[in-house]
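Student: Dropping in coords.cif, which is mmCIF, C-alpha atoms and all ligand atoms:
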```
data_structure
loop_
_atom_site.group_PDB
_atom_site.id
_atom_site.type_symbol
_atom_site.label_atom_id
_atom_site.label_comp_id
_atom_site.auth_asym_id
_atom_site.auth_seq_id
_atom_site.Cartn_x
_atom_site.Cartn_y
_atom_site.Cartn_z
ATOM 1 C CA MET A 1 -2.736 56.117 47.323
ATOM 2 C CA GLY A 2 -0.973 55.835 50.642
ATOM 3 C CA ALA A 3 -1.673 53.031 53.009
ATOM 4 C CA LEU A 4 -5.088 53.313 54.578
ATOM 5 C CA PRO A 5 -5.637 52.310 58.162
ATOM 6 C CA VAL A 6 -7.087 48.850 58.326
ATOM 7 C CA TYR A 7 -9.408 47.884 61.131
ATOM 8 C CA ARG A 8 -10.752 44.585 62.213
ATOM 9 C CA TRP A 9 -14.346 43.914 61.251
ATOM 10 C CA ARG A 10 -16.755 45.618 63.674
ATOM 11 C CA LEU A 11 -13.870 47.411 65.373
ATOM 12 C CA ALA A 12 -13.955 50.446 63.153
ATOM 13 C CA PRO A 13 -13.696 53.708 65.113
ATOM 14 C CA ASP A 14 -16.751 55.837 65.752
ATOM 15 C CA GLY A 15 -17.491 58.356 63.070
ATOM 16 C CA TYR A 16 -16.646 55.981 60.251
ATOM 17 C CA ALA A 17 -19.221 54.119 58.242
ATOM 18 C CA THR A 18 -19.452 52.022 55.123
ATOM 19 C CA ARG A 19 -21.403 53.238 52.128
ATOM 20 C CA ARG A 20 -24.288 51.011 53.162
ATOM 21 C CA GLN A 21 -24.259 52.307 56.703
ATOM 22 C CA LEU A 22 -24.271 55.883 55.399
ATOM 23 C CA ARG A 23 -27.179 55.037 53.149
ATOM 24 C CA ALA A 24 -29.146 53.712 56.109
ATOM 25 C CA ARG A 25 -28.791 57.167 57.677
ATOM 26 C CA GLY A 26 -29.849 58.916 54.470
ATOM 27 C CA LEU A 27 -26.274 59.925 53.711
ATOM 28 C CA ARG A 28 -23.829 59.338 50.898
ATOM 29 C CA PRO A 29 -20.018 59.641 50.791
ATOM 30 C CA GLY A 30 -20.361 62.860 48.804
ATOM 31 C CA GLY A 31 -17.134 62.582 46.879
ATOM 32 C CA GLN A 32 -14.839 62.108 49.856
ATOM 33 C CA ASP A 33 -12.042 59.587 49.618
ATOM 34 C CA VAL A 34 -12.082 56.313 51.444
ATOM 35 C CA VAL A 35 -10.483 56.991 54.836
ATOM 36 C CA ALA A 36 -10.014 53.447 56.080
ATOM 37 C CA THR A 37 -10.886 49.881 55.406
ATOM 38 C CA VAL A 38 -12.146 47.076 57.558
ATOM 39 C CA GLU A 39 -11.186 43.527 56.887
ATOM 40 C CA ARG A 40 -13.053 40.436 57.819
ATOM 41 C CA PRO A 41 -10.773 37.424 57.795
ATOM 42 C CA ARG A 42 -12.053 34.459 55.862
ATOM 43 C CA ARG A 43 -10.752 30.974 56.064
ATOM 44 C CA ARG A 44 -8.249 30.210 53.307
ATOM 45 C CA ARG A 45 -9.417 33.158 51.244
ATOM 46 C CA GLU A 46 -8.607 36.773 50.867
ATOM 47 C CA PRO A 47 -10.183 38.823 53.654
ATOM 48 C CA LEU A 48 -13.435 40.583 52.929
ATOM 49 C CA VAL A 49 -12.710 44.279 52.658
ATOM 50 C CA ALA A 50 -15.121 47.134 53.213
ATOM 51 C CA PHE A 51 -14.363 50.789 52.649
ATOM 52 C CA LEU A 52 -15.074 53.340 55.347
ATOM 53 C CA TYR A 53 -16.062 56.954 54.959
ATOM 54 C CA ARG A 54 -16.205 59.744 57.493
ATOM 55 C CA ILE A 55 -19.729 60.405 58.649
ATOM 56 C CA ASP A 56 -19.000 64.081 59.340
ATOM 57 C CA ARG A 57 -17.960 64.569 55.708
ATOM 58 C CA ALA A 58 -20.914 62.663 54.290
ATOM 59 C CA LYS A 59 -23.651 64.535 52.491
ATOM 60 C CA PRO A 60 -27.373 63.936 52.542
ATOM 61 C CA VAL A 61 -28.767 61.790 49.766
ATOM 62 C CA ARG A 62 -29.678 64.007 46.831
ATOM 63 C CA PRO A 63 -32.456 66.253 48.132
ATOM 64 C CA MET A 64 -35.519 67.106 46.075
ATOM 65 C CA THR A 65 -34.824 70.287 44.124
ATOM 66 C CA PRO A 66 -37.442 72.382 42.300
ATOM 67 C CA GLY A 67 -36.185 70.802 39.082
ATOM 68 C CA ARG A 68 -36.687 67.311 40.413
ATOM 69 C CA TRP A 69 -40.157 68.172 41.716
ATOM 70 C CA ALA A 70 -41.039 69.547 38.300
ATOM 71 C CA ALA A 71 -39.769 66.407 36.606
ATOM 72 C CA LEU A 72 -41.823 64.310 38.986
ATOM 73 C CA ALA A 73 -44.951 66.371 38.345
ATOM 74 C CA LYS A 74 -44.380 66.035 34.612
ATOM 75 C CA ALA A 75 -44.015 62.287 34.927
ATOM 76 C CA ASN A 76 -47.232 62.100 36.923
ATOM 77 C CA ALA A 77 -49.037 64.268 34.383
ATOM 78 C CA ALA A 78 -47.800 61.958 31.637
ATOM 79 C CA ARG A 79 -49.241 58.996 33.505
ATOM 80 C CA ARG A 80 -52.621 60.770 33.637
ATOM 81 C CA THR A 81 -52.622 61.722 29.965
ATOM 82 C CA CYS A 82 -54.593 59.421 27.704
ATOM 83 C CA PRO A 83 -52.474 58.363 24.703
ATOM 84 C CA GLN A 84 -55.669 58.138 22.633
ATOM 85 C CA CYS A 85 -57.295 61.539 23.137
ATOM 86 C CA ARG A 86 -54.252 63.307 24.640
ATOM 87 C CA ARG A 87 -56.371 64.702 27.466
ATOM 88 C CA ASP A 88 -55.496 64.751 31.147
ATOM 89 C CA ALA A 89 -57.916 62.180 32.447
ATOM 90 C CA GLY A 90 -57.519 63.417 36.013
ATOM 91 C CA TYR A 91 -56.428 59.964 37.137
ATOM 92 C CA VAL A 92 -53.590 57.636 36.250
ATOM 93 C CA ILE A 93 -54.406 55.808 33.021
ATOM 94 C CA PRO A 94 -54.990 52.158 33.938
ATOM 95 C CA ALA A 95 -52.292 49.996 32.384
ATOM 96 C CA SER A 96 -54.913 47.346 31.666
ATOM 97 C CA LEU A 97 -56.809 49.758 29.397
ATOM 98 C CA GLY A 98 -53.903 51.783 28.059
ATOM 99 C CA MET A 99 -56.273 54.716 27.605
ATOM 100 C CA CYS A 100 -58.806 56.710 29.559
ATOM 101 C CA THR A 101 -62.153 55.091 30.316
ATOM 102 C CA THR A 102 -63.900 57.520 27.965
ATOM 103 C CA CYS A 103 -61.822 56.179 25.068
ATOM 104 C CA ALA A 104 -61.970 52.591 26.287
ATOM 105 C CA PHE A 105 -65.749 52.595 26.665
ATOM 106 C CA PRO A 106 -67.079 55.162 24.182
ATOM 107 C CA ASP A 107 -70.576 53.652 24.390
ATOM 108 C CA HIS A 108 -70.784 54.555 28.033
ATOM 109 C CA ALA A 109 -69.206 57.961 27.671
ATOM 110 C CA VAL A 110 -72.229 60.017 26.593
ATOM 111 C CA PRO A 111 -75.385 58.241 27.733
ATOM 112 C CA ALA A 112 -77.249 61.553 27.986
ATOM 113 C CA VAL A 113 -77.384 62.160 24.242
ATOM 114 C CA ARG A 114 -78.581 58.689 23.388
ATOM 115 C CA PRO A 115 -82.057 58.643 21.961
ATOM 116 C CA PRO A 116 -84.466 57.186 24.471
ATOM 117 C CA LEU A 117 -85.255 53.579 23.765
ATOM 118 C CA GLY A 118 -88.620 52.706 22.285
ATOM 119 C CA THR A 119 -89.282 56.036 20.674
ATOM 120 C CA CYS A 120 -90.271 56.311 17.023
ATOM 121 C CA ALA A 121 -89.918 59.367 14.942
HETATM 122 ZN ZN ZN F 1 -58.907 59.169 26.138
#
```
Can you give me the file's structure in the form of structure tokens?
Ligand SMILES: [Zn+2]
Tutor:
Amino acid sequence: MGALPVYRWRLAPDGYATRRQLRARGLRPGGQDVVATVERPRRRREPLVAFLYRIDRAKPVRPMTPGRWAALAKANAARRTCPQCRRDAGYVIPASLGMCTTCAFPDHAVPAVRPPLGTCA
């Protein structure tokens, strides 16, 4: 690599940004090469070096694609699926139970078919 321009800390030209600064704007370097560095002098140590990228060549942080949405939906569906009965509970399975409430509390699941108390055949 040829010599990159080196700027003093905080004196980098407009249009250049570090990876962190790009990230704060929702951008990423996007495969471009480092265009310059900034150096912050430190007493009796090597200067602190940061790499600069061109903002106009930066790309937005990976946008949501249909594939990523689908993966997200699948992950959410998995979180709603009871590992016990394999049914979609319709809500996220509570980690404390590890299963849907129907499986966790079977006694409370079907109160309607219980025989009424105090009846004799
Ligand atoms: Zn269940």
Student: Produce a table with one row for each residue of chain A that has an atom at most 7 Å from any atom of ligand ZN 1 (chain F), each row naming the nearest atom pair and its distance in Å at one decimal; use all atoms listed in the file; arrange rows by chain and rising residue number; format as JSON lines.
Tutor:
```
{"residue": "A:Cys82", "atom": "CA", "partner": "F:ZN1", "partner_atom": "ZN", "distance": 4.6}
{"residue": "A:Pro83", "atom": "CA", "partner": "F:ZN1", "partner_atom": "ZN", "distance": 6.6}
{"residue": "A:Gln84", "atom": "CA", "partner": "F:ZN1", "partner_atom": "ZN", "distance": 4.9}
{"residue": "A:Cys85", "atom": "CA", "partner": "F:ZN1", "partner_atom": "ZN", "distance": 4.1}
{"residue": "A:Arg86", "atom": "CA", "partner": "F:ZN1", "partner_atom": "ZN", "distance": 6.4}
{"residue": "A:Arg87", "atom": "CA", "partner": "F:ZN1", "partner_atom": "ZN", "distance": 6.2}
{"residue": "A:Met99", "atom": "CA", "partner": "F:ZN1", "partner_atom": "ZN", "distance": 5.4}
{"residue": "A:Cys100", "atom": "CA", "partner": "F:ZN1", "partner_atom": "ZN", "distance": 4.2}
{"residue": "A:Thr101", "atom": "CA", "partner": "F:ZN1", "partner_atom": "ZN", "distance": 6.7}
{"residue": "A:Thr102", "atom": "CA", "partner": "F:ZN1", "partner_atom": "ZN", "distance": 5.6}
{"residue": "A:Cys103", "atom": "CA", "partner": "F:ZN1", "partner_atom": "ZN", "distance": 4.3}
```
Student: I'd like the residues picked by the PyMOL selection byres (((chain A and resi 18) around 7) and not hetatm) written out as a PyMOL selection string, using the chain letters and numbers from the file.
Tutor: chain A and resi 17+19-22+50-53
Student: Return the single residue from A:Ala73, A:Met64, A:Ile55, A:Ala95 that is closest to A:Asp14, with distances computed using all atoms listed in the file.
Tutor: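 Among the listed residues, the smallest separation from A:Asp14 belongs to A:Ile55.
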Student: Choose the residue, out of A:Gly15, A:Val92, A:Arg62, A:Val34, that has the smallest atom-to-atom separation from A:Ala3; count all atoms listed in the file.
Tutor: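 Using all atoms listed in the file, A:Ala3 sits closest to A:Val34.
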Student: Please report the interatomic distance between atom CA of A:Asp33 and atom CA of A:Gly67 in Å with one decimal.
Tutor: 28.6 Å
Student: Residues picked by the PyMOL selection byres (((chain A and resi 26) around 6) and not hetatm) here, as number ranges by chain?
Tutor: A: 23-25, 27, 60-61
Student: Select, from A:Val35, A:Leu48, A:Ala70, A:Ala75, the residue with the minimum atom-to-atom distance to A:Trp9, counting only C-alpha atoms.
Tutor: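 Closest candidate: A:Leu48.
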Student: Return the single residue from A:Arg68, A:Arg8, A:Arg54, A:Lys59 that is closest to A:Gly30, with distances computed using all atoms listed in the file.
Tutor: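 Of A:Arg68, A:Arg8, A:Arg54, A:Lys59, the one nearest A:Gly30 is A:Lys59, counting all atoms listed in the file.
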Student: Would you mind telling me which residue in A:Pro106, A:Ala58, A:Ala71, A:Thr65 lies nearest to A:Tyr16 when using all atoms listed in the file?
Tutor: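 Using all atoms listed in the file, the shortest distance to A:Tyr16 belongs to A:Ala58.
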Student: Find the residues near A:Pro47: any atom within 12 Å, counting all atoms listed in the file, skip ones fewer than 2 places away on the same chain, and give them as a list in words.
Tutor: Val6, Tyr7, Arg8, Trp9, Thr37, Val38, Glu39, Arg40, Pro41, Arg42, Arg43, Arg44, Arg45, Val49 and Ala50 of chain A
Student: Given the PyMOL selection byres (((chain A and resi 91) around 10) and not hetatm) and the file above, list the residues it selects as a PyMOL selection string.
Tutor: chain A and resi 76-77+79-82+88-90+92-94+100
Student: Quick one: pull the distance between atom CA of A:Gly31 and atom CA of A:Leu11, Å, one decimal.
Tutor: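 Atom CA of A:Gly31 sits 24.1 Å away from atom CA of A:Leu11.
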Student: So what do you get for atom CA of A:Pro29 versus atom CA of A:Pro63, distance-wise?
Tutor: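 One can read the atom CA of A:Pro29 to atom CA of A:Pro63 distance as 14.3 Å.
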Student: Hey, could you pull the box centre and edge lengths for stretch 5-22 of chain A, axis-aligned, 8 Å padding per side, all listed atoms, to one decimal in Å, as AutoDock Vina command-line options?
Tutor:
```
--center_x -15.0 --center_y 51.1 --center_z 58.9 --size_x 34.7 --size_y 30.4 --size_z 29.6
```
